[in-house]
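Asks: Next up, start.cif (mmCIF, C-alpha atoms).
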```cif
data_data
loop_
_atom_site.label_atom_id
_atom_site.label_comp_id
_atom_site.auth_asym_id
_atom_site.auth_seq_id
_atom_site.Cartn_x
_atom_site.Cartn_y
_atom_site.Cartn_z
CA MET A 1 0.00 0.00 0.00
CA VAL A 2 1.29 3.43 -0.91
CA SER A 3 1.22 5.48 2.25
CA PRO A 4 0.37 9.21 2.36
CA ALA A 5 4.03 9.87 3.12
CA HIS A 6 4.89 8.85 -0.45
CA TYR A 7 2.43 11.35 -1.84
CA VAL A 8 3.74 14.09 0.44
CA ALA A 9 7.30 13.34 -0.68
CA LEU A 10 6.24 13.59 -4.33
CA SER A 11 4.50 16.85 -3.50
CA VAL A 12 7.69 18.22 -1.94
CA ILE A 13 9.72 17.31 -5.03
CA LEU A 14 7.24 18.96 -7.37
CA PHE A 15 7.10 22.05 -5.16
CA VAL A 16 10.87 22.43 -5.18
CA ILE A 17 11.01 21.99 -8.97
CA GLY A 18 8.40 24.72 -9.35
CA ALA A 19 10.27 27.04 -6.99
CA VAL A 20 13.54 26.57 -8.86
CA GLY A 21 11.68 27.25 -12.10
CA VAL A 22 10.34 30.53 -10.74
CA LEU A 23 13.86 31.56 -9.77
CA VAL A 24 15.54 30.47 -12.99
CA ARG A 25 13.18 31.32 -15.83
CA ARG A 26 12.89 34.75 -17.44
CA ASN A 27 9.70 34.41 -19.46
CA ALA A 28 6.80 35.65 -17.36
CA ILE A 29 4.37 33.06 -18.75
CA VAL A 30 6.70 30.22 -17.84
CA ILE A 31 7.09 31.70 -14.36
CA PHE A 32 3.31 31.58 -14.07
CA MET A 33 3.34 27.94 -15.10
CA CYS A 34 5.90 27.18 -12.40
CA VAL A 35 3.68 28.89 -9.82
CA GLU A 36 0.83 26.67 -11.01
CA LEU A 37 3.06 23.65 -10.51
CA MET A 38 3.75 24.73 -6.93
CA LEU A 39 0.03 25.16 -6.24
CA ASN A 40 -0.68 21.71 -7.67
CA ALA A 41 2.02 20.19 -5.48
CA VAL A 42 0.41 21.72 -2.41
CA ASN A 43 -2.95 20.34 -3.53
CA LEU A 44 -1.45 16.87 -3.71
CA ALA A 45 -0.24 17.22 -0.13
CA PHE A 46 -3.70 18.39 0.96
CA VAL A 47 -5.36 15.38 -0.62
CA ALA A 48 -2.81 13.03 0.96
CA PHE A 49 -3.42 14.53 4.39
CA ALA A 50 -7.18 14.27 3.90
CA ARG A 51 -6.76 10.55 3.26
CA MET A 52 -4.47 10.23 6.25
CA HIS A 53 -6.98 11.83 8.61
CA GLY A 54 -9.97 10.14 7.05
CA ASN A 55 -12.06 13.29 6.59
CA LEU A 56 -12.78 15.48 3.61
CA ASP A 57 -11.58 18.89 4.86
CA GLY A 58 -8.31 18.60 3.00
CA GLN A 59 -10.11 17.95 -0.26
CA VAL A 60 -12.32 21.00 0.28
CA ILE A 61 -9.24 23.15 0.92
CA ALA A 62 -7.65 21.78 -2.26
CA PHE A 63 -10.81 22.74 -4.11
CA PHE A 64 -10.54 26.30 -2.79
CA VAL A 65 -6.88 26.41 -3.80
CA MET A 66 -7.91 25.48 -7.34
CA VAL A 67 -10.47 28.28 -7.45
CA VAL A 68 -7.97 30.86 -6.21
CA ALA A 69 -5.37 29.59 -8.68
CA ALA A 70 -7.81 29.97 -11.55
CA ALA A 71 -8.58 33.57 -10.54
CA GLU A 72 -4.88 34.32 -10.14
CA VAL A 73 -4.09 32.96 -13.59
CA VAL A 74 -6.85 35.02 -15.22
CA VAL A 75 -5.66 38.30 -13.70
CA GLY A 76 -1.98 37.50 -14.17
CA LEU A 77 -2.34 36.65 -17.84
CA ALA A 78 -4.40 39.80 -18.42
CA ILE A 79 -1.58 41.83 -16.87
CA LEU A 80 0.91 39.99 -19.07
CA THR A 81 -1.01 40.74 -22.25
CA SER A 82 -1.27 44.43 -21.36
CA ILE A 83 2.46 44.56 -20.59
CA PHE A 84 3.22 42.79 -23.85
CA ARG A 85 1.00 45.22 -25.72
CA THR A 86 2.95 48.24 -24.48
CA ARG A 87 6.46 46.82 -24.23
CA ARG A 88 6.45 44.06 -26.89
CA SER A 89 8.16 41.63 -24.55
CA ALA A 90 7.19 38.90 -22.13
CA SER A 91 10.49 38.84 -20.31
CA VAL A 92 10.52 39.84 -16.67
CA ASP A 93 13.78 41.73 -17.18
CA ASP A 94 12.20 44.24 -19.53
CA ALA A 95 9.49 45.40 -17.13
CA SER A 96 11.87 47.44 -15.00
CA LEU A 97 10.59 51.00 -15.34
CA LEU A 98 9.84 51.30 -11.62
CA LYS A 99 13.25 50.03 -10.63
CA TYR A 100 15.26 53.20 -10.27
CA MET B 1 -3.70 -18.62 5.04
CA ASN B 2 -4.16 -17.33 1.53
CA HIS B 3 -7.67 -16.12 1.80
CA PRO B 4 -9.11 -14.88 -1.53
CA VAL B 5 -10.07 -11.51 -0.05
CA LEU B 6 -6.59 -10.97 1.32
CA LEU B 7 -5.10 -11.97 -2.02
CA ALA B 8 -7.34 -9.54 -3.85
CA ALA B 9 -6.41 -6.76 -1.43
CA GLY B 10 -2.74 -7.53 -1.91
CA ALA B 11 -3.09 -7.46 -5.68
CA ALA B 12 -4.92 -4.12 -5.50
CA ALA B 13 -2.17 -2.69 -3.29
CA THR B 14 0.48 -3.89 -5.72
CA THR B 15 -1.38 -2.34 -8.64
CA GLN B 16 -1.66 0.91 -6.74
CA ALA B 17 2.03 0.90 -5.90
CA ILE B 18 2.99 0.30 -9.53
CA ALA B 19 0.63 3.06 -10.68
CA PHE B 20 2.02 5.45 -8.07
CA TRP B 21 5.65 4.90 -9.00
CA VAL B 22 5.00 5.17 -12.74
CA LEU B 23 2.94 8.32 -12.33
CA ALA B 24 5.42 9.84 -9.88
CA ILE B 25 8.33 9.31 -12.26
CA VAL B 26 6.34 10.72 -15.17
CA ALA B 27 5.27 13.75 -13.13
CA VAL B 28 8.75 14.57 -11.87
CA ALA B 29 10.29 14.08 -15.32
CA ALA B 30 7.68 16.30 -16.94
CA ALA B 31 8.12 18.97 -14.26
CA LEU B 32 11.89 18.95 -14.78
CA GLY B 33 11.35 19.16 -18.52
CA MET B 34 9.02 22.09 -17.98
CA VAL B 35 11.71 24.00 -16.11
CA LEU B 36 14.38 23.10 -18.66
CA ALA B 37 12.47 23.46 -21.94
CA ARG B 38 13.35 26.65 -23.75
CA ARG B 39 10.13 27.17 -25.69
CA ALA B 40 7.11 28.28 -23.73
CA VAL B 41 4.76 26.02 -25.71
CA HIS B 42 6.75 22.95 -24.71
CA CYS B 43 6.52 24.11 -21.10
CA ALA B 44 2.73 24.35 -21.40
CA VAL B 45 2.38 20.86 -22.87
CA LEU B 46 4.63 19.35 -20.20
CA LEU B 47 2.65 21.15 -17.50
CA ALA B 48 -0.52 19.61 -18.93
CA LEU B 49 1.12 16.19 -18.56
CA VAL B 50 1.99 16.92 -14.91
CA MET B 51 -1.57 18.01 -14.20
CA LEU B 52 -3.07 14.91 -15.80
CA THR B 53 -0.85 12.64 -13.74
CA LEU B 54 -1.83 14.58 -10.64
CA ALA B 55 -5.49 14.04 -11.52
CA VAL B 56 -4.90 10.28 -11.61
CA LEU B 57 -3.07 10.50 -8.29
CA TYR B 58 -6.08 12.30 -6.78
CA ALA B 59 -8.39 9.59 -8.06
CA MET B 60 -6.13 6.93 -6.55
CA GLN B 61 -6.40 8.63 -3.17
CA GLY B 62 -10.17 8.54 -3.10
CA ALA B 63 -10.81 12.03 -4.44
CA PRO B 64 -12.68 11.48 -7.73
CA PHE B 65 -14.34 14.89 -7.53
CA LEU B 66 -11.00 16.68 -7.32
CA ALA B 67 -9.64 14.50 -10.11
CA PHE B 68 -12.40 15.62 -12.44
CA VAL B 69 -12.08 19.25 -11.34
CA GLN B 70 -8.36 19.01 -11.97
CA VAL B 71 -8.89 17.78 -15.53
CA ILE B 72 -11.70 20.22 -16.33
CA VAL B 73 -10.44 23.36 -14.61
CA TYR B 74 -6.68 23.01 -14.86
CA THR B 75 -6.05 21.03 -18.01
CA GLY B 76 -9.16 22.26 -19.75
CA ALA B 77 -9.44 25.90 -18.76
CA VAL B 78 -6.24 27.21 -17.21
CA LEU B 79 -3.84 25.58 -19.65
CA MET B 80 -5.95 26.54 -22.63
CA LEU B 81 -5.80 30.12 -21.34
CA PHE B 82 -2.03 29.79 -21.12
CA LEU B 83 -1.89 28.53 -24.68
CA PHE B 84 -4.11 31.34 -25.95
CA VAL B 85 -1.90 33.94 -24.28
CA LEU B 86 1.15 32.21 -25.75
CA MET B 87 -0.39 32.52 -29.20
CA ILE B 88 -0.95 36.24 -28.60
CA VAL B 89 2.43 36.93 -27.07
CA GLY B 90 4.24 34.87 -29.67
CA VAL B 91 5.04 31.22 -30.02
CA THR B 92 8.64 32.08 -30.69
CA SER B 93 9.22 33.75 -27.34
CA ALA B 94 11.98 31.45 -26.23
CA ASP B 95 13.90 32.28 -23.12
CA SER B 96 17.21 34.01 -23.53
CA VAL B 97 20.12 32.04 -22.18
CA VAL B 98 21.84 35.19 -20.98
CA GLU B 99 22.01 35.52 -17.24
CA THR B 100 21.11 39.05 -16.25
CA ILE B 101 22.19 38.51 -12.67
CA ARG B 102 25.52 36.75 -12.54
CA GLY B 103 25.42 33.37 -10.87
CA GLN B 104 21.66 33.39 -10.64
CA ARG B 105 21.17 29.85 -11.91
CA LEU B 106 23.74 28.50 -9.49
CA ALA B 107 22.18 30.41 -6.61
CA ALA B 108 18.73 29.18 -7.62
CA GLY B 109 19.97 25.60 -7.73
CA VAL B 110 21.56 25.92 -4.30
CA ALA B 111 18.37 27.50 -2.95
CA GLY B 112 16.32 24.69 -4.47
CA ILE B 113 18.49 22.01 -2.88
CA GLY B 114 18.26 23.85 0.44
CA LEU B 115 14.49 24.02 0.16
CA LEU B 116 14.35 20.32 -0.71
CA VAL B 117 16.47 19.39 2.31
CA LEU B 118 14.42 21.62 4.60
CA LEU B 119 11.07 20.24 3.46
CA SER B 120 12.37 16.66 3.55
CA LEU B 121 13.49 17.15 7.16
CA ILE B 122 10.09 18.60 8.01
CA ILE B 123 8.10 15.73 6.53
CA GLY B 124 10.58 13.32 8.07
CA GLN B 125 9.84 14.79 11.48
CA ALA B 126 6.12 15.07 10.89
CA ALA B 127 5.27 11.40 11.53
CA ILE B 128 2.86 11.02 8.65
CA GLY B 129 0.75 8.06 9.58
CA PRO B 130 -0.78 5.43 7.35
CA ALA B 131 -4.04 6.08 5.57
CA ALA B 132 -7.06 6.01 7.82
CA THR B 133 -9.71 3.43 7.16
CA THR B 134 -11.27 4.67 3.97
CA GLY B 135 -14.96 5.18 4.40
CA PRO B 136 -17.62 5.87 1.81
CA ASN B 137 -16.45 9.50 1.78
CA PHE B 138 -13.44 8.39 -0.22
CA GLY B 139 -15.38 6.39 -2.73
CA SER B 140 -18.90 6.49 -4.02
CA SER B 141 -20.23 9.35 -1.86
CA ASN B 142 -17.21 11.60 -2.28
CA VAL B 143 -19.10 14.31 -4.16
CA GLY B 144 -21.91 14.29 -1.64
CA GLY B 145 -19.49 14.52 1.26
CA ILE B 146 -17.65 17.48 -0.25
CA ALA B 147 -20.95 19.20 -1.02
CA ALA B 148 -22.11 18.71 2.57
CA LEU B 149 -18.88 20.28 3.86
CA ILE B 150 -18.90 23.19 1.39
CA PHE B 151 -22.48 24.15 2.14
CA THR B 152 -22.28 23.80 5.91
CA ARG B 153 -18.92 24.42 7.50
CA TYR B 154 -17.25 26.16 4.57
CA VAL B 155 -20.24 28.11 3.30
CA PHE B 156 -18.71 31.52 4.08
CA PRO B 157 -15.41 30.86 2.27
CA PHE B 158 -17.46 29.50 -0.60
CA GLU B 159 -19.42 32.76 -0.90
CA VAL B 160 -16.19 34.76 -0.66
CA THR B 161 -14.90 32.61 -3.51
CA SER B 162 -17.76 33.74 -5.72
CA ALA B 163 -16.89 37.38 -4.99
CA LEU B 164 -13.27 36.60 -5.83
CA LEU B 165 -14.22 35.04 -9.16
CA ILE B 166 -16.37 38.00 -10.15
CA THR B 167 -13.60 40.40 -9.19
CA ALA B 168 -11.07 38.40 -11.19
CA ALA B 169 -13.30 38.34 -14.27
CA LEU B 170 -13.88 42.10 -14.05
CA GLY B 171 -10.20 42.73 -13.46
CA ALA B 172 -9.20 40.66 -16.46
CA MET B 173 -11.68 42.52 -18.64
CA VAL B 174 -10.41 45.90 -17.44
CA LEU B 175 -6.75 44.95 -17.83
CA ALA B 176 -7.13 43.37 -21.25
CA HIS B 177 -9.35 46.16 -22.59
CA ARG B 178 -7.78 48.64 -24.94
CA GLU B 179 -9.25 52.07 -25.46
CA ARG B 180 -9.47 53.16 -29.09
CA THR B 181 -7.42 56.34 -29.31
CA SER B 182 -8.11 57.05 -32.97
CA PRO B 183 -11.45 56.97 -34.78
CA ARG B 184 -12.35 53.70 -36.41
CA PRO B 185 -11.23 53.71 -40.07
CA THR B 186 -14.10 53.60 -42.50
CA GLN B 187 -14.14 51.68 -45.74
CA ARG B 188 -13.21 54.88 -47.59
CA ASP B 189 -10.15 55.38 -45.36
CA LEU B 190 -9.13 51.80 -45.90
CA SER B 191 -9.36 52.00 -49.68
CA ILE B 192 -7.41 55.29 -49.77
CA ARG B 193 -4.73 53.75 -47.60
CA ARG B 194 -4.55 50.69 -49.84
CA VAL B 195 -4.10 52.68 -53.05
CA SER B 196 -1.61 55.16 -51.60
CA GLY B 197 0.34 52.44 -49.81
CA GLY B 198 2.14 51.34 -52.97
CA ARG B 199 0.58 47.88 -53.27
CA PRO B 200 -3.01 47.98 -54.43
CA ALA B 201 -3.05 44.27 -55.30
CA PRO B 202 -3.16 41.60 -52.64
CA LEU B 203 0.07 39.99 -51.47
CA PRO B 204 1.20 36.96 -53.45
CA GLY B 205 0.10 33.60 -52.18
CA PRO B 206 2.49 30.86 -51.05
CA GLY B 207 4.06 28.56 -53.58
CA THR B 208 2.12 25.65 -55.01
CA TYR B 209 4.35 22.84 -56.17
CA ALA B 210 3.92 19.29 -57.29
CA ARG B 211 4.71 17.76 -53.93
CA HIS B 212 4.60 20.70 -51.53
CA ASN B 213 1.61 22.86 -50.97
CA ALA B 214 2.15 24.44 -47.57
CA VAL B 215 1.82 28.04 -46.43
CA ASP B 216 5.48 28.19 -45.46
CA MET B 217 6.71 27.40 -48.97
CA PRO B 218 7.61 30.63 -50.72
CA ALA B 219 6.45 31.29 -54.24
CA LEU B 220 9.11 31.71 -56.87
CA LEU B 221 9.66 34.95 -58.68
CA PRO B 222 10.13 34.73 -62.47
CA ASP B 223 13.89 34.70 -62.04
CA GLY B 224 13.67 31.80 -59.60
CA SER B 225 14.35 33.62 -56.36
CA PRO B 226 11.87 33.10 -53.51
CA ALA B 227 9.25 35.80 -53.03
CA ARG B 228 9.58 36.78 -49.39
CA LEU B 229 6.23 38.50 -49.42
CA SER B 230 4.45 35.26 -50.19
CA VAL B 231 5.23 33.81 -46.76
CA SER B 232 3.43 35.18 -43.76
CA PRO B 233 5.78 37.19 -41.55
CA VAL B 234 4.70 35.10 -38.57
CA LEU B 235 6.04 31.96 -40.25
CA ALA B 236 9.01 33.66 -41.82
CA GLY B 237 9.96 35.05 -38.44
CA ARG B 238 10.29 31.61 -36.87
CA ASP B 239 13.77 30.25 -37.30
CA GLU B 240 13.85 30.58 -41.03
CA SER B 241 16.61 32.51 -42.59
CA ASP B 242 16.62 33.65 -46.18
CA ALA B 243 18.98 30.85 -47.07
CA VAL B 244 16.63 28.21 -45.69
CA LEU B 245 13.71 29.64 -47.61
CA ALA B 246 15.70 29.88 -50.79
CA GLY B 247 16.98 26.34 -50.41
CA ARG B 248 13.52 24.97 -49.88
CA ALA B 249 12.13 26.89 -52.82
CA GLU B 250 14.95 25.58 -54.99
CA ALA B 251 14.29 22.01 -53.91
CA ALA B 252 10.60 22.44 -54.53
CA ALA B 253 11.28 23.91 -57.93
CA VAL B 254 13.41 20.90 -58.84
CA LEU B 255 10.72 18.57 -57.61
CA ALA B 256 8.15 20.40 -59.62
CA GLY B 257 10.21 19.98 -62.72
CA ARG B 258 10.96 23.64 -63.04
CA ALA B 259 14.58 22.96 -63.79
CA GLU B 260 15.09 26.22 -65.56
CA ALA B 261 13.91 28.14 -62.50
CA ALA B 262 16.30 26.20 -60.29
CA ALA B 263 19.11 26.79 -62.72
CA ALA B 264 18.34 30.48 -62.74
CA LEU B 265 18.34 30.42 -58.95
CA ALA B 266 21.67 28.63 -58.85
CA GLY B 267 23.31 30.68 -61.57
CA ARG B 268 21.47 33.94 -61.21
CA ALA B 269 23.56 35.13 -64.12
CA GLU B 270 22.93 37.29 -67.13
CA PRO B 271 19.46 38.43 -66.25
CA GLY B 272 19.62 40.89 -69.10
CA GLN B 273 19.53 38.13 -71.67
CA ALA B 274 16.02 37.15 -70.87
CA ILE B 275 14.67 40.57 -71.56
CA ALA B 276 16.63 41.37 -74.61
CA GLY B 277 13.54 42.38 -76.50
CA ALA B 278 11.61 43.83 -73.68
CA GLY B 279 13.16 47.25 -73.66
CA LYS B 280 12.82 50.18 -71.40
CA ALA B 281 9.06 50.24 -71.17
CA ALA B 282 8.95 46.91 -69.39
CA ARG B 283 11.50 48.11 -66.88
CA GLU B 284 9.48 51.16 -66.05
CA GLU B 285 6.35 49.13 -65.79
CA ALA B 286 8.02 46.68 -63.45
CA ALA B 287 9.53 49.41 -61.32
CA ALA B 288 6.05 50.26 -60.15
CA PRO B 289 5.37 47.81 -57.37
CA ALA B 290 2.87 45.21 -58.38
CA GLY B 291 2.14 41.58 -57.66
CA ASP B 292 5.31 39.57 -57.70
CA GLN B 293 3.85 36.68 -59.59
CA ALA B 294 1.61 38.47 -62.02
CA GLN B 295 4.47 40.19 -63.82
CA PRO B 296 4.71 40.05 -67.57
CA PRO B 297 7.31 37.46 -68.47
CA GLY B 298 9.78 39.94 -69.84
CA SER B 299 10.50 41.94 -66.72
CA GLU B 300 12.54 39.59 -64.55
CA SER B 301 15.60 41.67 -64.01
CA ALA B 302 13.78 44.86 -63.20
CA ASP B 303 11.55 42.99 -60.86
CA ALA B 304 14.50 41.34 -59.18
CA SER B 305 16.25 44.63 -58.60
CA ASP B 306 13.03 46.07 -57.31
CA GLU B 307 12.75 43.14 -54.95
CA GLU B 308 16.27 43.65 -53.72
CA GLU B 309 15.64 47.29 -53.07
CA ARG B 310 12.74 46.49 -50.86
CA TRP B 311 14.52 43.82 -48.88
#
```
Please rewrite the model in this file as structure tokens.
Replies:
Amino acid sequence: MVSPAHYVALSVILFVIGAVGVLVRRNAIVIFMCVELMLNAVNLAFVAFARMHGNLDGQVIAFFVMVVAAAEVVVGLAILTSIFRTRRSASVDDASLLKY
Amino acid sequence: MNHPVLLAAGAAATTQAIAFWVLAIVAVAAALGMVLARRAVHCAVLLALVMLTLAVLYAMQGAPFLAFVQVIVYTGAVLMLFLFVLMIVGVTSADSVVETIRGQRLAAGVAGIGLLVLLSLIIGQAAIGPAATTGPNFGSSNVGGIAALIFTRYVFPFEVTSALLITAALGAMVLAHRERTSPRPTQRDLSIRRVSGGRPAPLPGPGTYARHNAVDMPALLPDGSPARLSVSPVLAGRDESDAVLAGRAEAAAVLAGRAEAAAALAGRAEPGQAIAGAGKAAREEAAAPAGDQAQPPGSESADASDEEERW
């Protein structure tokens, strides 16, 4: 039997991969995808803990995480398209007007 | 000893273990590929793979509702949104390999390993127990159980969620909206612009050959050189240099049996010979920009020089 600890370990690995992706990548859309990967990893941990405790609260929280992630993606991609429209670039290095 | 029920349970556990390890390896490999792939479209496809494997993992843990929501919301809606934005922003937007902050990749790798060690220590200390006895909530009545929780204990967060979704939809509409700063061009404006723009005729279509009939195959000019205007700038802007286009057009011309066009492309010599009888009038006629393909046959050289001026 695969214990919940296995699922939590997989979730940790996916979360770390997503975090490294956020730090390494320059394309804003890919950074968004890495954030999505981190959210999904956390969802996997929630579902594993729900199974470990034998109640459904973890699954409900995972459901809420999905809703918030969907809203975040919608707003984030709208911001990206408006930035791309004015600056013709999707790289996070080019959006630096407020830097200095 | 070997009771049939126990045997069946053991077989189910083995199946689950095999499924878990296969899916875990696929998910981790796809996630790594997503971080390493240079093109954003490849990242999106690999992320879809990760999300589908996660959906199966949810279903294996007695969460069929979340598995379906994962497929519908994430793979169906969120990733399609990603792909649409990628099509707007440009499929070719590959990451630059230049590090703007020196040593950033190394630092990110070290930070990732540190995070991995930290989280591993935490879950090692956390004493994660075995799965509790799975009741009907993790099987047939999963949807009903989640609905009962959402509409009783979590009813206030659920309502707040609806407000969040409406706010997000409005925000996306406001952010993606573009005010029109100039009046909308009428049909008269458009026709004036077309005539005064130097090219009243439509752009030439892509090449049609015996074995190739794709939009990225350039048409051939009368002297055998590829007509750049016949390929959409979106396609021409991919990783296609002039040489690649010319080479493909030459190969297509050979395949199509247009040996003389290929020879002209290879030699490109004595263009004046072909128009010996054409005279000055044809040159002047060809100097006016017109459709690249619909030229009279005598005006190759003038057309070629005209083409070179423009490019």
Asks: On this structure, the PyMOL selection byres ((chain A) within 6 of (chain B)) would catch which residues? List them as a ChimeraX atom specification, sorted by chain and number.
Replies: /A:1-3,5,16,20-21,23-24,27,51-54,71,75,78,82
Asks: Compute the distance from (2.5, 17.5, -5.0) to each atom, counting all atoms listed in the file, keep the residues with any atom at most 10 Å away, and return them as a PyMOL selection string; use the coordinates of the file.
Replies: (chain A and resi 7-16+37-48) or (chain B and resi 24+27-28+50+54+57)
Asks: When you draw a straight line from CA of Ala210 (chain B) to CA of Val231 (chain B), how long is it in Å?
Replies: 18.0 Å
Asks: Residue by residue, what does the PyMOL selection byres ((chain A and resi 91) around 6) grab here? Present the result as an NGL selection string.
Replies: :A and (26-28 or 89-90 or 92-94)
Asks: Run through the PyMOL selection byres ((chain B and resi 204) around 6) on the given coordinates and return the selected residues as a PDB file with C-alpha atoms, in the frame of the given file.
Replies:
```
ATOM      1  CA  LEU B 203       0.070  39.990 -51.470  1.00  0.00           C
ATOM      2  CA  GLY B 205       0.100  33.600 -52.180  1.00  0.00           C
ATOM      3  CA  SER B 230       4.450  35.260 -50.190  1.00  0.00           C
TER       4      SER B 230
END
```
Asks: Smallest atom-to-atom distance to Asp216 (chain B): which of B:Val56, B:Val143, B:Leu229, B:Val45, using only C-alpha atoms?
Replies: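 Ranking B:Val56, B:Val143, B:Leu229, B:Val45 by distance to Asp216 (chain B), first place goes to B:Leu229.
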Asks: Return the single residue from A:Ala70, A:Leu56, A:Val30, A:Leu80 that is closest to Ser141 (chain B), with distances computed using only C-alpha atoms.
Replies: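 Looking only at the distances to Ser141 (chain B), the closest residue turns out to be A:Leu56.
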Asks: In Å, with one decimal, what is the gap from CA of Met87 (chain B) to CA of Leu190 (chain B)?
Replies: 27.0 Å
